[in-house]
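*Asks:* So that we are looking at the same thing, I have put the structure below in structure tokens.
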Amino acid sequence: MVELIDIHKSFGEHVVLRGISLKIPTGKLTFIMGRSGTGKSVLLKHIIGLLKPDRGRILIDGQDVTSFSDREWQKLRKRFGFLFQEGALFDSMTVAENVAFPLWEHSRLSKREIEEKVAEKLSVVGLLEARDKYPSELSGGMKKRAALARALALEPEIILFDEPTTGLDPILQVSIMKLIRDTQRRYGLTGVVVSHDVPIAMGAADYIAILHEGRVVAEGTPDEIRRSEHPFVKEFLKSAFEGCHPEEGQNV
Amino acid sequence: MVGLLQYLGRLGLNFVSQAGGMALLFLTALAYTVKPPYRIRLFFKQMEFVGVNSLLVVVLTALFSGMVIAFQSYRALSKFGGETLLGGLVALSLVRELGPVLTSLMVTARAGSAMAAELGTMRVTEQIDALEVMAVNPVHYLVVPRFWAAVLMVPLLTVIADLVGIAGGYLVGVMLLKVDAGIFIKKMQEMVEWMDISSGIYKAFVFGGLLSIIGCYKGYNASGGAEGVGRATTEAVVIASVSILIGDYIMTSLLF
């Protein structure tokens, strides 16, 4: 159970989060949405302690983690998976070594057991034949899938996705999202996805929170979001489905 | 006037915060050194990178430096008929100063820059964040092996540089300038004491630590994409080189 209470965050003069409160439902796939640059990724990094809030609290299983020491975070983070926007695979390791890395570091499995586990995770994401390639030899979609396999390696309870579909072609977007949805269901994970892709979110999300100007302006199931009367939410959804009209001259 | 003061103030603040950051990184690296897991494989990999792979460039630098010193000293010494001191002079300047300083500068250029570039790239592509979310401390994983590899390998390279440099001096002095071989060696033995050699090696330990911490600090704190990595690398080399020379002066004047 992850709960954010009144999170504030600024970088220098630039205020990004102005009091975010959000309960993330356990065992569900939650989407955090909003325009680019509204602090969605910043919010995600707060949940795993890469960034610390200026004000406010983050509760994980009822424990206030805001004042956690490095050591406490280390322990807690083993329950998390994090999928970075660009994958953040280690350049110096092959795909298989990348997936094996958290297992080498944190499990007491034997070499063979680790190899089996790596093979299992790689086959889940359909990358078994690319196991000995280096990240620089992979396409964008393959990198994301490899990173997903790595995030799944320790079988986390909570997995955070930073823009998993950005920068992919439409067919890959759907297949990656389906992969995320399937793995989330299969392992019964709590998933948090940061995205600005409305159609994909509407199709895959159990729960959606929409960020605007540093606050949560709407939250609920996709149906509740669709019925929202909030002017920004209406515009956000409308622009996504209508696309770009030359006479209006703008596209969100 | 106010502008100048502001500029100087900013410069001073920047200096203090960077020096503090490096000191903190140094202490953190020390603290993590004794914590398990001990990543022996990474340590050996870095020792190979810092040490073995720097061998050729260090040998070349030392050889030609030794040869040049022999030439230059011979000219100066011959003015008052002191050619016989050549061996001692070449050996002293090498083991006390040029051995450790030139070796550290070459290792800075080769390995210190690579540390900044590698860690910088890992920073801007979120690989350092990835380590952190996988509950692996990045200082423990990245900085500790690099730091110890440099602290250990720079003195070893220095010893080799001393040796090769003296051989270069011998080559020029004895073969080319016809100083008597026996006298060259004899004077060297007379004039160089153990303290001279050890002081050079102590320096090398410190320089190795300096160049790796500065390289790692600059890379670790890089920001702003490829350009930022380039800037971090340049700054690492410049700051490390200057620190080595300043550190050399301080250590020479205080300790030896």
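Residues are referred to by chain and number: the chain letter is A, B, ... according to the order shown in the structure tokens, the number counts from 1 in that chain, and ligands are numbered separately from 1 in the order shown.
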Excluding same-chain residues fewer than 6 positions from stretch 228-233 of chain A, what lies within 10 Å of it counting only C-alpha atoms, as a ChimeraX atom specification?
*Replies:* /A:34,210-212,217-220,222,239
*Asks:* Can you write out the residues you just picked, keeping N, CA and C atoms, as a tab-separated table (two decimals), in the first residue's frame?
*Replies:*
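Just written: again23.tsv:
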```tsv
chain	number	residue	atom	x	y	z
A	34	GLY	N	-0.78	13.29	-17.32
A	34	GLY	CA	-0.73	14.75	-17.37
A	34	GLY	C	0.15	15.14	-18.53
A	210	ILE	N	-4.96	12.23	-12.64
A	210	ILE	CA	-4.50	13.21	-13.62
A	210	ILE	C	-3.88	14.40	-12.90
A	211	LEU	N	-2.65	14.71	-13.30
A	211	LEU	CA	-1.89	15.81	-12.70
A	211	LEU	C	-2.01	17.05	-13.56
A	212	HIS	N	-2.21	18.18	-12.91
A	212	HIS	CA	-2.18	19.44	-13.63
A	212	HIS	C	-1.70	20.53	-12.69
A	217	VAL	N	-5.86	16.65	-10.23
A	217	VAL	CA	-7.13	17.33	-10.49
A	217	VAL	C	-8.28	16.34	-10.64
A	218	ALA	N	-7.96	15.09	-10.93
A	218	ALA	CA	-9.02	14.09	-11.03
A	218	ALA	C	-8.44	12.73	-10.78
A	219	GLU	N	-9.19	11.86	-10.14
A	219	GLU	CA	-8.74	10.48	-10.00
A	219	GLU	C	-9.94	9.56	-9.97
A	220	GLY	N	-9.74	8.33	-10.41
A	220	GLY	CA	-10.83	7.37	-10.42
A	220	GLY	C	-10.60	6.32	-11.48
A	222	PRO	N	-11.18	4.50	-15.15
A	222	PRO	CA	-11.25	5.14	-16.47
A	222	PRO	C	-12.64	5.72	-16.77
A	239	SER	N	-8.43	16.35	-26.61
A	239	SER	CA	-7.33	16.56	-27.55
A	239	SER	C	-6.70	15.23	-27.93
```
*Asks:* Could you give me, as a Markdown table, a per-residue list for chain B showing, wherever an atom lies at most 6 Å from an atom of chain A, the closest pair of atoms and their distance in Å to one decimal, using only C-alpha atoms and sorting by chain then residue number from low to high?
*Replies:*
```
| residue | atom | partner | partner_atom | distance |
| --- | --- | --- | --- | --- |
| B:Thr125 | CA | A:Ala88 | CA | 5.9 |
| B:Glu126 | CA | A:Ala88 | CA | 5.4 |
| B:Gln127 | CA | A:Ala88 | CA | 4.8 |
| B:Ala135 | CA | A:Gln74 | CA | 4.6 |
```
*Asks:* A:Thr221, A:Asp61, A:Val2, A:Gly27: which is nearest A:His46, counting only C-alpha atoms?
*Replies:* A:Val2
*Asks:* Near A:Glu137, counting only C-alpha atoms, which residues have an atom at most 12 Å away, once you skip same-chain residues fewer than 5 positions from it, shown as a list in words?
*Replies:* Leu89, Asp91, Ser92, Met93, Thr94, Val95, Ala130, Arg131, Asp132, Met142 and Lys143 of chain A
*Asks:* Could you pull the residues within 7 Å of stretch 224-234 of chain B, counting only C-alpha atoms, minus those fewer than 5 positions along the same chain, as a VMD selection string?
*Replies:* chain B and resid 113 116 to 117 120 to 121 124 218 to 219
*Asks:* Please produce a file of those selected residues containing N, CA and C atoms, as a tab-separated table (two decimals), in the first residue's frame.
*Replies:*
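Output (part-v5.tsv):
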```tsv
chain	number	residue	atom	x	y	z
B	113	SER	N	40.23	10.50	-16.75
B	113	SER	CA	39.26	11.00	-17.72
B	113	SER	C	38.23	9.92	-18.02
B	116	ALA	N	35.63	9.71	-15.29
B	116	ALA	CA	34.64	10.79	-15.37
B	116	ALA	C	33.67	10.53	-16.52
B	117	ALA	N	34.19	10.09	-17.65
B	117	ALA	CA	33.32	9.88	-18.81
B	117	ALA	C	32.36	8.72	-18.57
B	120	GLY	N	29.93	9.61	-15.80
B	120	GLY	CA	29.06	10.67	-16.30
B	120	GLY	C	28.00	10.13	-17.24
B	121	THR	N	28.41	9.23	-18.13
B	121	THR	CA	27.44	8.62	-19.04
B	121	THR	C	26.42	7.81	-18.26
B	124	VAL	N	23.91	10.35	-16.71
B	124	VAL	CA	22.91	11.00	-17.58
B	124	VAL	C	21.99	9.98	-18.25
B	218	LYS	N	33.46	14.07	-10.54
B	218	LYS	CA	32.99	14.83	-11.70
B	218	LYS	C	32.00	14.01	-12.52
B	219	GLY	N	32.30	12.73	-12.70
B	219	GLY	CA	31.38	11.89	-13.46
B	219	GLY	C	30.08	11.66	-12.71
```
*Asks:* Rank nothing, just name the residue among B:Cys216, B:Gly169, B:Val90, B:Tyr249 nearest to B:Ala23, using only C-alpha atoms.
*Replies:*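 Ranked by minimum distance to B:Ala23, first place goes to B:Cys216.
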*Asks:* Choose the residue, out of A:Lys234, A:Thr190, A:Lys144, A:Ala153, that has the smallest atom-to-atom separation from A:Ile114; count only C-alpha atoms.
*Replies:*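 The answer is A:Ala153, which sits nearest to A:Ile114.
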*Asks:* A:Arg57: which residues within 9 Å, counting only C-alpha atoms, same-chain residues fewer than 6 positions away excluded, as a list in words?
*Replies:* Glu3, Leu4, Ile5, Asp6, Ile7, Asp64, Val65, Thr66 and Ser67 of chain A
*Asks:* Nearest residue to A:Leu127 out of A:Ala209, A:Leu109, A:Leu148, A:Val174, using only C-alpha atoms?
*Replies:*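 Result for the nearest residue to A:Leu127: A:Leu148.
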*Asks:* Report as a PyMOL selection string: the residues of stretch 5-254 of chain B with a DSSP assignment of alpha helix (DSSP H), based on the backbone of this structure.
*Replies:* chain B and resi 5-33+40-50+55-78+86-93+99-107+113-124+127-133+138+144-170+181-191+194-220+225-254
*Asks:* Which one of A:Gly140, A:Pro25, A:Pro164, A:Gly56 sits closest to A:Leu179 if you count only C-alpha atoms?
*Replies:*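 Smallest distance to A:Leu179 is found for A:Pro164.
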*Asks:* What separation in Å, quoted to one decimal, exists between atom CA of B:Ala222 and atom CA of A:Val99?
*Replies:*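 So the answer is 26.0 Å.
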*Asks:* Taking 2 positions as the minimum chain separation for residues in the same chain, which residues sit within 7 Å of stretch 184-194 of chain B when counting only C-alpha atoms? Answer as a ChimeraX atom specification.
*Replies:* /B:84-88,91-92,179-182,196-198
*Asks:* Go ahead and save the residues from that selection, with N, CA and C atoms, as a PDB file, in the first residue's frame.
*Replies:*
```pdb
ATOM      1  N   THR B  84      80.409  13.951 -13.477  1.00  0.00           N
ATOM      2  CA  THR B  84      80.372  12.696 -12.732  1.00  0.00           C
ATOM      3  C   THR B  84      79.114  12.572 -11.878  1.00  0.00           C
ATOM      4  N   LEU B  85      78.475  13.719 -11.573  1.00  0.00           N
ATOM      5  CA  LEU B  85      77.275  13.674 -10.726  1.00  0.00           C
ATOM      6  C   LEU B  85      76.028  13.283 -11.503  1.00  0.00           C
ATOM      7  N   LEU B  86      76.159  13.120 -12.821  1.00  0.00           N
ATOM      8  CA  LEU B  86      74.992  12.936 -13.685  1.00  0.00           C
ATOM      9  C   LEU B  86      74.058  11.826 -13.192  1.00  0.00           C
ATOM     10  N   GLY B  87      74.639  10.660 -12.885  1.00  0.00           N
ATOM     11  CA  GLY B  87      73.805   9.531 -12.462  1.00  0.00           C
ATOM     12  C   GLY B  87      72.951   9.883 -11.257  1.00  0.00           C
ATOM     13  N   GLY B  88      73.585  10.493 -10.262  1.00  0.00           N
ATOM     14  CA  GLY B  88      72.858  10.845  -9.048  1.00  0.00           C
ATOM     15  C   GLY B  88      71.759  11.852  -9.325  1.00  0.00           C
ATOM     16  N   ALA B  91      68.770  10.252 -11.226  1.00  0.00           N
ATOM     17  CA  ALA B  91      68.006   9.356 -10.363  1.00  0.00           C
ATOM     18  C   ALA B  91      67.212  10.141  -9.326  1.00  0.00           C
ATOM     19  N   LEU B  92      67.849  11.164  -8.745  1.00  0.00           N
ATOM     20  CA  LEU B  92      67.149  11.954  -7.722  1.00  0.00           C
ATOM     21  C   LEU B  92      65.934  12.655  -8.296  1.00  0.00           C
ATOM     22  N   VAL B 179      79.730   9.375 -20.271  1.00  0.00           N
ATOM     23  CA  VAL B 179      80.066   9.396 -18.853  1.00  0.00           C
ATOM     24  C   VAL B 179      80.450   7.967 -18.468  1.00  0.00           C
ATOM     25  N   ASP B 180      81.406   7.814 -17.595  1.00  0.00           N
ATOM     26  CA  ASP B 180      81.840   6.466 -17.222  1.00  0.00           C
ATOM     27  C   ASP B 180      80.711   5.706 -16.520  1.00  0.00           C
ATOM     28  N   ALA B 181      80.460   4.506 -16.986  1.00  0.00           N
ATOM     29  CA  ALA B 181      79.329   3.729 -16.467  1.00  0.00           C
ATOM     30  C   ALA B 181      79.463   3.480 -14.972  1.00  0.00           C
ATOM     31  N   GLY B 182      80.637   3.145 -14.530  1.00  0.00           N
ATOM     32  CA  GLY B 182      80.863   2.862 -13.117  1.00  0.00           C
ATOM     33  C   GLY B 182      80.569   4.068 -12.256  1.00  0.00           C
ATOM     34  N   ASP B 196      64.454   9.143  -0.314  1.00  0.00           N
ATOM     35  CA  ASP B 196      64.099   9.789  -1.575  1.00  0.00           C
ATOM     36  C   ASP B 196      63.111   8.940  -2.363  1.00  0.00           C
ATOM     37  N   ILE B 197      63.373   7.652  -2.373  1.00  0.00           N
ATOM     38  CA  ILE B 197      62.500   6.751  -3.132  1.00  0.00           C
ATOM     39  C   ILE B 197      61.137   6.650  -2.465  1.00  0.00           C
ATOM     40  N   SER B 198      61.165   6.453  -1.137  1.00  0.00           N
ATOM     41  CA  SER B 198      59.883   6.261  -0.450  1.00  0.00           C
ATOM     42  C   SER B 198      59.034   7.528  -0.511  1.00  0.00           C
TER      43      SER B 198
END
```
